[in-house]
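> Dropping in model07.txt, which is compact mmCIF, C-alpha atoms:
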# COMPACT_ATOMS: atom_id res chain seq x y z
CA MET F 555 -8.82 1.97 -37.30
CA ARG F 556 -5.90 1.07 -35.03
CA LEU F 557 -2.48 1.51 -36.63
CA PRO F 558 0.51 -0.76 -35.99
CA ARG F 559 2.57 0.66 -33.14
CA LEU F 560 5.74 0.54 -35.23
CA LEU F 561 4.37 3.33 -37.45
CA TYR F 562 4.33 5.76 -34.55
CA VAL F 563 8.14 5.95 -34.46
CA PRO F 564 8.68 7.41 -37.97
CA ALA F 565 5.56 9.55 -37.52
CA VAL F 566 6.97 11.12 -34.35
CA LEU F 567 10.32 11.64 -36.11
CA GLY F 568 8.53 13.37 -38.96
CA PHE F 569 6.69 15.73 -36.61
CA ALA F 570 9.99 16.43 -34.84
CA LEU F 571 11.63 17.26 -38.17
CA LEU F 572 8.87 19.77 -38.90
CA LEU F 573 8.46 21.33 -35.47
CA LEU F 574 11.89 21.35 -33.79
CA PRO F 575 13.45 23.87 -36.22
CA ILE F 576 10.56 26.22 -35.41
CA VAL F 577 11.22 25.69 -31.70
CA GLY F 578 14.86 26.54 -32.35
CA LEU F 579 13.85 29.75 -34.11
CA VAL F 580 11.57 30.81 -31.29
CA SER F 581 14.33 30.10 -28.77
CA ARG F 582 16.55 32.69 -30.47
CA VAL F 583 14.06 35.51 -30.18
CA ARG F 584 15.11 38.25 -27.74
CA TRP F 585 11.70 38.94 -26.25
CA GLU F 586 12.90 41.94 -24.26
CA THR F 587 13.87 43.81 -27.46
CA ILE F 588 11.48 42.26 -29.99
CA GLY F 589 9.50 45.47 -30.37
CA GLU F 590 12.63 47.49 -31.10
CA ASP F 591 13.98 44.81 -33.47
CA LEU F 592 10.71 44.38 -35.34
CA PHE F 593 9.85 48.05 -35.66
CA SER F 594 13.27 49.30 -36.69
CA SER F 595 13.42 51.41 -39.84
CA ALA F 596 15.04 48.70 -41.97
CA SER F 597 12.64 46.02 -40.72
CA MET F 598 9.55 48.12 -41.36
CA THR F 599 10.80 49.04 -44.84
CA ALA F 600 11.29 45.38 -45.72
CA LEU F 601 7.94 44.47 -44.19
CA GLY F 602 6.07 47.20 -46.07
CA LEU F 603 7.72 46.28 -49.36
CA SER F 604 6.91 42.60 -48.85
CA MET F 605 3.26 43.24 -48.04
CA SER F 606 2.69 45.65 -50.93
CA THR F 607 4.46 43.56 -53.57
CA ALA F 608 2.81 40.33 -52.35
CA ALA F 609 -0.61 42.02 -52.57
CA CYS F 610 0.12 43.19 -56.12
CA ALA F 611 1.40 39.74 -57.11
CA THR F 612 -1.72 38.14 -55.65
CA LEU F 613 -3.91 40.52 -57.66
CA VAL F 614 -2.02 39.49 -60.80
CA CYS F 615 -2.57 35.83 -59.91
CA VAL F 616 -6.32 36.38 -59.53
CA VAL F 617 -6.68 38.40 -62.75
CA VAL F 618 -4.80 35.96 -64.99
CA GLY F 619 -5.11 32.80 -62.90
CA LEU F 620 -8.90 32.64 -62.68
CA PRO F 621 -9.36 32.43 -66.49
CA MET F 622 -6.53 29.88 -66.59
CA ALA F 623 -8.20 27.74 -63.91
CA LEU F 624 -11.56 27.97 -65.66
CA LEU F 625 -9.97 26.86 -68.91
CA VAL F 626 -8.06 23.94 -67.33
CA GLY F 627 -11.10 22.89 -65.33
CA ARG F 628 -13.52 22.82 -68.24
CA VAL F 629 -11.52 21.44 -71.19
CA GLY F 630 -11.13 17.78 -72.05
CA ARG F 631 -8.99 15.45 -69.97
CA ARG F 632 -6.02 15.30 -72.36
CA SER F 633 -5.90 19.05 -72.92
CA ALA F 634 -6.26 19.63 -69.19
CA ALA F 635 -3.32 17.31 -68.49
CA VAL F 636 -1.08 19.29 -70.85
CA MET F 637 -2.19 22.63 -69.42
CA ARG F 638 -1.81 21.40 -65.85
CA THR F 639 1.74 20.31 -66.60
CA MET F 640 2.51 23.78 -67.94
CA VAL F 641 1.07 25.36 -64.79
CA LEU F 642 3.03 23.07 -62.48
CA ILE F 643 6.45 23.67 -64.07
CA PRO F 644 7.20 26.87 -62.05
CA LEU F 645 6.08 25.01 -58.92
CA VAL F 646 8.78 22.33 -59.24
CA LEU F 647 11.55 24.52 -60.65
CA PRO F 648 14.33 25.51 -58.23
CA PRO F 649 13.72 29.18 -57.35
CA MET F 650 17.06 30.31 -58.79
CA VAL F 651 16.22 28.63 -62.10
CA GLY F 652 12.94 30.56 -62.13
CA GLY F 653 14.84 33.80 -61.61
CA LEU F 654 17.26 32.92 -64.40
CA ALA F 655 14.32 32.11 -66.69
CA LEU F 656 12.78 35.51 -65.97
CA LEU F 657 16.11 37.22 -66.69
CA SER F 658 16.41 35.28 -69.95
CA LEU F 659 13.00 36.54 -70.99
CA LEU F 660 12.80 40.05 -69.55
CA GLY F 661 16.41 41.10 -68.97
CA ARG F 662 18.21 43.67 -71.11
CA SER F 663 19.52 40.87 -73.33
CA GLY F 664 16.42 38.71 -72.92
CA LEU F 665 14.02 37.48 -75.54
CA ILE F 666 11.46 40.23 -74.83
CA GLY F 667 13.53 42.55 -72.66
CA ARG F 668 16.09 43.34 -75.41
CA PRO F 669 13.65 44.90 -77.92
CA ILE F 670 11.86 46.74 -75.10
CA PHE F 671 15.15 48.20 -73.84
CA ALA F 672 16.26 49.10 -77.37
CA TRP F 673 12.97 50.87 -78.04
CA SER F 674 12.33 52.62 -74.73
CA GLY F 675 15.48 52.31 -72.64
CA TYR F 676 13.44 50.66 -69.87
CA SER F 677 14.87 47.67 -68.04
CA LEU F 678 12.56 45.64 -65.79
CA PRO F 679 15.05 43.63 -63.68
CA TYR F 680 16.21 45.02 -60.34
CA THR F 681 13.11 47.14 -59.87
CA THR F 682 10.14 46.86 -57.54
CA VAL F 683 8.01 45.74 -60.48
CA ALA F 684 10.46 42.88 -60.98
CA VAL F 685 9.72 41.76 -57.41
CA VAL F 686 6.01 41.59 -58.25
CA VAL F 687 6.72 39.63 -61.44
CA ALA F 688 8.93 37.14 -59.62
CA GLN F 689 6.40 36.67 -56.84
CA ALA F 690 3.54 36.21 -59.30
CA PHE F 691 5.60 33.69 -61.27
CA VAL F 692 6.05 31.40 -58.27
CA ALA F 693 2.63 32.00 -56.68
CA LEU F 694 0.44 31.59 -59.77
CA PRO F 695 0.54 27.75 -59.82
CA PHE F 696 -0.80 27.61 -56.25
CA PHE F 697 -3.80 29.72 -57.22
CA VAL F 698 -4.56 27.95 -60.50
CA ILE F 699 -4.29 24.40 -59.15
CA THR F 700 -6.42 25.21 -56.09
CA VAL F 701 -9.22 26.82 -58.11
CA GLU F 702 -9.04 24.18 -60.82
CA GLY F 703 -9.44 21.45 -58.20
CA ALA F 704 -12.53 23.21 -56.84
CA LEU F 705 -13.95 23.41 -60.36
CA ARG F 706 -13.41 19.70 -60.94
CA THR F 707 -15.08 18.89 -57.63
CA SER F 708 -18.14 21.07 -58.30
CA GLY F 709 -18.84 19.37 -61.64
CA VAL F 710 -20.87 20.82 -64.50
CA SER F 711 -24.41 19.72 -63.69
CA HIS F 712 -25.50 23.05 -62.18
CA GLU F 713 -24.04 24.95 -65.11
CA GLU F 714 -25.82 22.72 -67.63
CA ILE F 715 -29.15 23.18 -65.83
CA ALA F 716 -28.68 26.98 -65.82
CA SER F 717 -27.88 26.90 -69.55
CA THR F 718 -31.00 24.87 -70.36
CA LEU F 719 -33.06 27.47 -68.46
CA GLY F 720 -31.77 30.21 -70.77
CA ALA F 721 -28.86 31.69 -68.83
CA GLY F 722 -26.05 33.08 -70.97
CA ARG F 723 -22.39 32.20 -70.54
CA TRP F 724 -21.51 35.23 -68.42
CA ARG F 725 -24.60 34.75 -66.26
CA VAL F 726 -23.74 31.10 -65.68
CA LEU F 727 -20.18 32.07 -64.79
CA THR F 728 -21.07 34.85 -62.34
CA ARG F 729 -24.23 33.35 -60.81
CA VAL F 730 -23.43 29.64 -60.78
CA THR F 731 -19.77 28.74 -61.34
CA LEU F 732 -18.02 31.34 -59.21
CA PRO F 733 -20.31 30.96 -56.16
CA LEU F 734 -19.80 27.18 -56.29
CA VAL F 735 -15.99 27.48 -56.29
CA MET F 736 -15.78 30.43 -53.88
CA PRO F 737 -14.09 28.36 -51.12
CA GLY F 738 -11.42 27.26 -53.59
CA LEU F 739 -11.09 30.80 -54.93
CA VAL F 740 -10.50 32.21 -51.45
CA ALA F 741 -8.11 29.38 -50.59
CA GLY F 742 -6.13 29.91 -53.79
CA THR F 743 -5.90 33.65 -53.16
CA VAL F 744 -4.64 33.17 -49.61
CA LEU F 745 -2.12 30.53 -50.65
CA ALA F 746 -0.85 32.73 -53.49
CA PHE F 747 -0.39 35.65 -51.10
CA ALA F 748 1.45 33.48 -48.57
CA ARG F 749 3.73 32.07 -51.27
CA ALA F 750 4.46 35.51 -52.68
CA LEU F 751 5.21 36.85 -49.22
CA GLY F 752 7.85 34.18 -48.63
CA GLU F 753 9.45 34.23 -52.08
CA PHE F 754 13.25 34.48 -52.04
CA GLY F 755 15.21 32.76 -54.81
CA ALA F 756 13.62 34.10 -57.97
CA THR F 757 13.37 37.57 -56.41
CA ALA F 758 17.05 37.61 -55.44
CA LEU F 759 18.21 36.70 -58.95
CA PHE F 760 15.70 38.68 -61.00
CA ALA F 761 15.08 41.72 -58.79
CA GLY F 762 18.23 41.99 -56.70
CA ASN F 763 18.53 43.08 -53.09
CA ALA F 764 18.40 46.88 -53.02
CA PRO F 765 17.20 48.33 -49.68
CA GLY F 766 13.81 50.00 -50.01
CA VAL F 767 13.47 48.90 -53.64
CA THR F 768 13.68 45.11 -53.86
CA ARG F 769 14.75 43.94 -50.39
CA THR F 770 11.72 42.05 -49.12
CA MET F 771 11.51 40.33 -45.74
CA PRO F 772 13.14 37.04 -46.87
CA LEU F 773 15.99 38.97 -48.47
CA ALA F 774 16.38 41.15 -45.39
CA ILE F 775 16.62 38.02 -43.24
CA TYR F 776 19.23 36.53 -45.58
CA THR F 777 21.38 39.65 -45.75
CA ALA F 778 21.25 40.09 -41.97
CA PHE F 779 22.93 36.73 -41.46
CA ASN F 780 25.62 37.79 -43.90
CA GLY F 781 26.41 40.93 -41.95
CA VAL F 782 24.49 43.38 -44.16
CA GLY F 783 21.26 45.31 -43.65
CA VAL F 784 19.18 44.74 -40.55
CA THR F 785 20.67 43.21 -37.40
CA GLN F 786 20.44 39.49 -36.73
CA ASP F 787 18.02 40.16 -33.90
CA SER F 788 15.77 42.00 -36.36
CA ALA F 789 16.14 39.11 -38.79
CA VAL F 790 15.01 36.64 -36.14
CA ALA F 791 12.08 38.91 -35.29
CA LEU F 792 11.11 39.14 -38.97
CA SER F 793 11.40 35.36 -39.25
CA LEU F 794 9.05 35.01 -36.30
CA LEU F 795 6.64 37.42 -37.97
CA LEU F 796 6.67 35.35 -41.15
CA LEU F 797 6.12 32.22 -39.07
CA VAL F 798 3.15 33.74 -37.26
CA SER F 799 1.72 35.00 -40.56
CA ALA F 800 1.97 31.52 -42.07
CA ALA F 801 0.31 29.96 -39.02
CA VAL F 802 -2.53 32.49 -39.13
CA VAL F 803 -3.03 31.86 -42.85
CA VAL F 804 -3.14 28.08 -42.43
CA CYS F 805 -5.39 28.11 -39.35
CA GLY F 806 -7.72 30.77 -40.73
CA LEU F 807 -8.00 29.02 -44.07
CA ARG F 808 -8.74 25.68 -42.42
CA SER F 809 -11.45 27.09 -40.16
CA TRP F 810 -12.99 29.08 -43.01
CA ARG F 811 -13.16 26.03 -45.26
CA GLU F 812 -14.76 23.97 -42.50
CA ASP F 813 -17.38 26.68 -41.93
CA ALA F 814 -18.00 26.84 -45.69
CA VAL F 815 -18.58 23.07 -45.83
CA ARG F 816 -21.01 23.22 -42.92
Would you kindly transcribe this structure into structure tokens?

Amino acid sequence: MRLPRLLYVPAVLGFALLLLPIVGLVSRVRWETIGEDLFSSASMTALGLSMSTAACATLVCVVVGLPMALLVGRVGRRSAAVMRTMVLIPLVLPPMVGGLALLSLLGRSGLIGRPIFAWSGYSLPYTTVAVVVAQAFVALPFFVITVEGALRTSGVSHEEIASTLGAGRWRVLTRVTLPLVMPGLVAGTVLAFARALGEFGATALFAGNAPGVTRTMPLAIYTAFNGVGVTQDSAVALSLLLLVSAAVVVCGLRSWREDAVR
């Protein structure tokens, strides 16, 4: 199909809007000192914290998100619409609002945090665990929606045939359902990890910005451009690392899905 030539103008502008800021970022990298900037103590601390908390948040997403996706994907249409709306709310919330919501629930004066603090003296906000909670909160919708979409696409015919042949519910789930949605499961896991790795707003409000405790890579980049923490050159290097990580995730996920289809 040949498109009208007039459509190429806004399309090129759109690609420019997406790509030129990345070109600008790359142009600021000091290639002669990138190794020193990237492997400085503060940069490596932020990188290690980001990777470990994002991995933990992704594990949380898989453990609680897979049952959620199975439930949304196999209930009736009306119930699924309500559940899907509930899942999507954190996805469309401004990140700072998500952080405030977590504080309102789990803070010292929060709905659940207040009795926990009164009973044990433990306060969750501004800890490393709070980083994991904030990352899981924003990444969970990506996992659930991706897996739920794979479930809807796979249908129920194979599961019904397995049930008529005498397979129990757990056997159908592990031998039929999960293998069928494995591409979506892997895609959802990778997307959740990538989203957790880049989380900023909810983490800043709910977990704070303490070096070595809650200062992840996005927070280290932000503080660097406010004159605190790592140098601006290190911040640019970390930004480039996040950019490369995102590109690897997208390209690897695309090629893996194409191989899975073939």
> Could you work out how far CA of Leu795 (chain F) lies from CA of Val583 (chain F), giving the answer in Å with one decimal?
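Going from CA of Val583 (chain F) over to CA of Leu795 (chain F), I get 10.9 Å.
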> Would you compute the distance between CA of Gly619 (chain F) and CA of Val685 (chain F)? Give it in Å to one decimal.
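Taking CA of Gly619 (chain F) and CA of Val685 (chain F), their separation equals 18.2 Å.
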> I'd like the neighbourhood of Met736 (chain F) as number ranges by chain, where a residue qualifies if any of its atoms comes within 10 Å (using all atoms listed in the file), though same-chain residues fewer than 6 positions away should be ignored.
F: 701, 704-705, 742, 814
> Keeping C-alpha atoms for every residue in the selection just given, could you write it to a file as an mmCIF file, in the coordinates of the input?

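Written out: selection09.cif:
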data_model
loop_
_atom_site.group_PDB
_atom_site.id
_atom_site.type_symbol
_atom_site.label_atom_id
_atom_site.label_comp_id
_atom_site.auth_asym_id
_atom_site.auth_seq_id
_atom_site.Cartn_x
_atom_site.Cartn_y
_atom_site.Cartn_z
ATOM 1 C CA VAL F 701 -9.220 26.820 -58.110
ATOM 2 C CA ALA F 704 -12.530 23.210 -56.840
ATOM 3 C CA LEU F 705 -13.950 23.410 -60.360
ATOM 4 C CA GLY F 742 -6.130 29.910 -53.790
ATOM 5 C CA ALA F 814 -18.000 26.840 -45.690
#
> Please indicate the distance in Å from CA of Leu654 (chain F) to CA of Phe760 (chain F), rounded to one decimal place.
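So the two atoms, CA of Leu654 (chain F) and CA of Phe760 (chain F), lie 6.9 Å apart.
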> Under the rule that all atoms listed in the file are counted, which of F:Ala635, F:Leu794, F:Ala764, F:Glu753 is the nearest residue to Val686 (chain F)?
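Answer, going by the shortest atom-to-atom distance: F:Glu753.
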> Which polymer residues, whether protein, DNA or RNA, lie within 7 Å of the coordinate (1.3, 26.2, -63.0) when you count all atoms listed in the file? List them as a list of chain:residue names, using the chain letters and numbers from the file.
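Checked against the point, the hits come out as F:Arg638, F:Thr639, F:Met640, F:Val641, F:Leu642, F:Ile643, F:Pro644, F:Leu645, F:Leu694, F:Pro695, F:Val698.
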> For Gly762 (chain F), list every protein, DNA or RNA residue within 7 Å, evaluated using all atoms listed in the file, and leave out those in the same chain fewer than 5 positions away; present the list as a PDB file with C-alpha atoms, keeping the file's coordinate frame.

ATOM      1  CA  TYR F 680      16.210  45.020 -60.340  1.00  0.00           C
ATOM      2  CA  THR F 757      13.370  37.570 -56.410  1.00  0.00           C
ATOM      3  CA  THR F 768      13.680  45.110 -53.860  1.00  0.00           C
TER       4      THR F 768
END
> Which residues come within 12 Å of Met605 (chain F), counting all atoms listed in the file, excluding same-chain residues fewer than 3 positions away, as JSON, numbers by chain?
{"F": [598, 599, 600, 601, 602, 608, 609, 610, 611, 612, 685, 686, 689, 747, 748, 749, 750, 751, 752, 753, 769, 770, 771, 772, 796, 799]}
> Nearest to Val744 (chain F): which of F:Ser604, F:Ser594, F:Thr700, F:Ser793 is it, counting only C-alpha atoms?
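Of all the options, F:Thr700 lies closest to Val744 (chain F).
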> Go through F:Arg723, F:Ser717, F:Ser708, F:Gly589 one by one, measure the shortest atom-to-atom distance of each to Val735 (chain F) using all atoms listed in the file, and give the residue with the smallest value.
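Checking each of F:Arg723, F:Ser717, F:Ser708, F:Gly589 against Val735 (chain F), counting all atoms listed in the file, the winner is F:Ser708.
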> Axis-aligned box over every listed atom of region 578-585 of chain F, padded by 6 Å per side: centre and edges in Å to one decimal, as AutoDock Vina command-line options?

--center_x 14.1 --center_y 32.7 --center_z -30.2 --size_x 17.0 --size_y 24.4 --size_z 19.9
> Using all atoms listed in the file, list the residues that have an atom at most 9 Å from (7.0, 35.2, -63.6), coordinates as in the file, as a PyMOL selection string.
chain F and resi 644+652-653+655-656+684+686-694+756
> Could you check the closest approach to Leu732 (chain F) for each of F:Ile670, F:Ala789, F:Leu624, F:Phe696 and tell me which residue wins, using all atoms listed in the file?
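Between F:Ile670, F:Ala789, F:Leu624, F:Phe696, the residue approaching Leu732 (chain F) most closely is F:Leu624.
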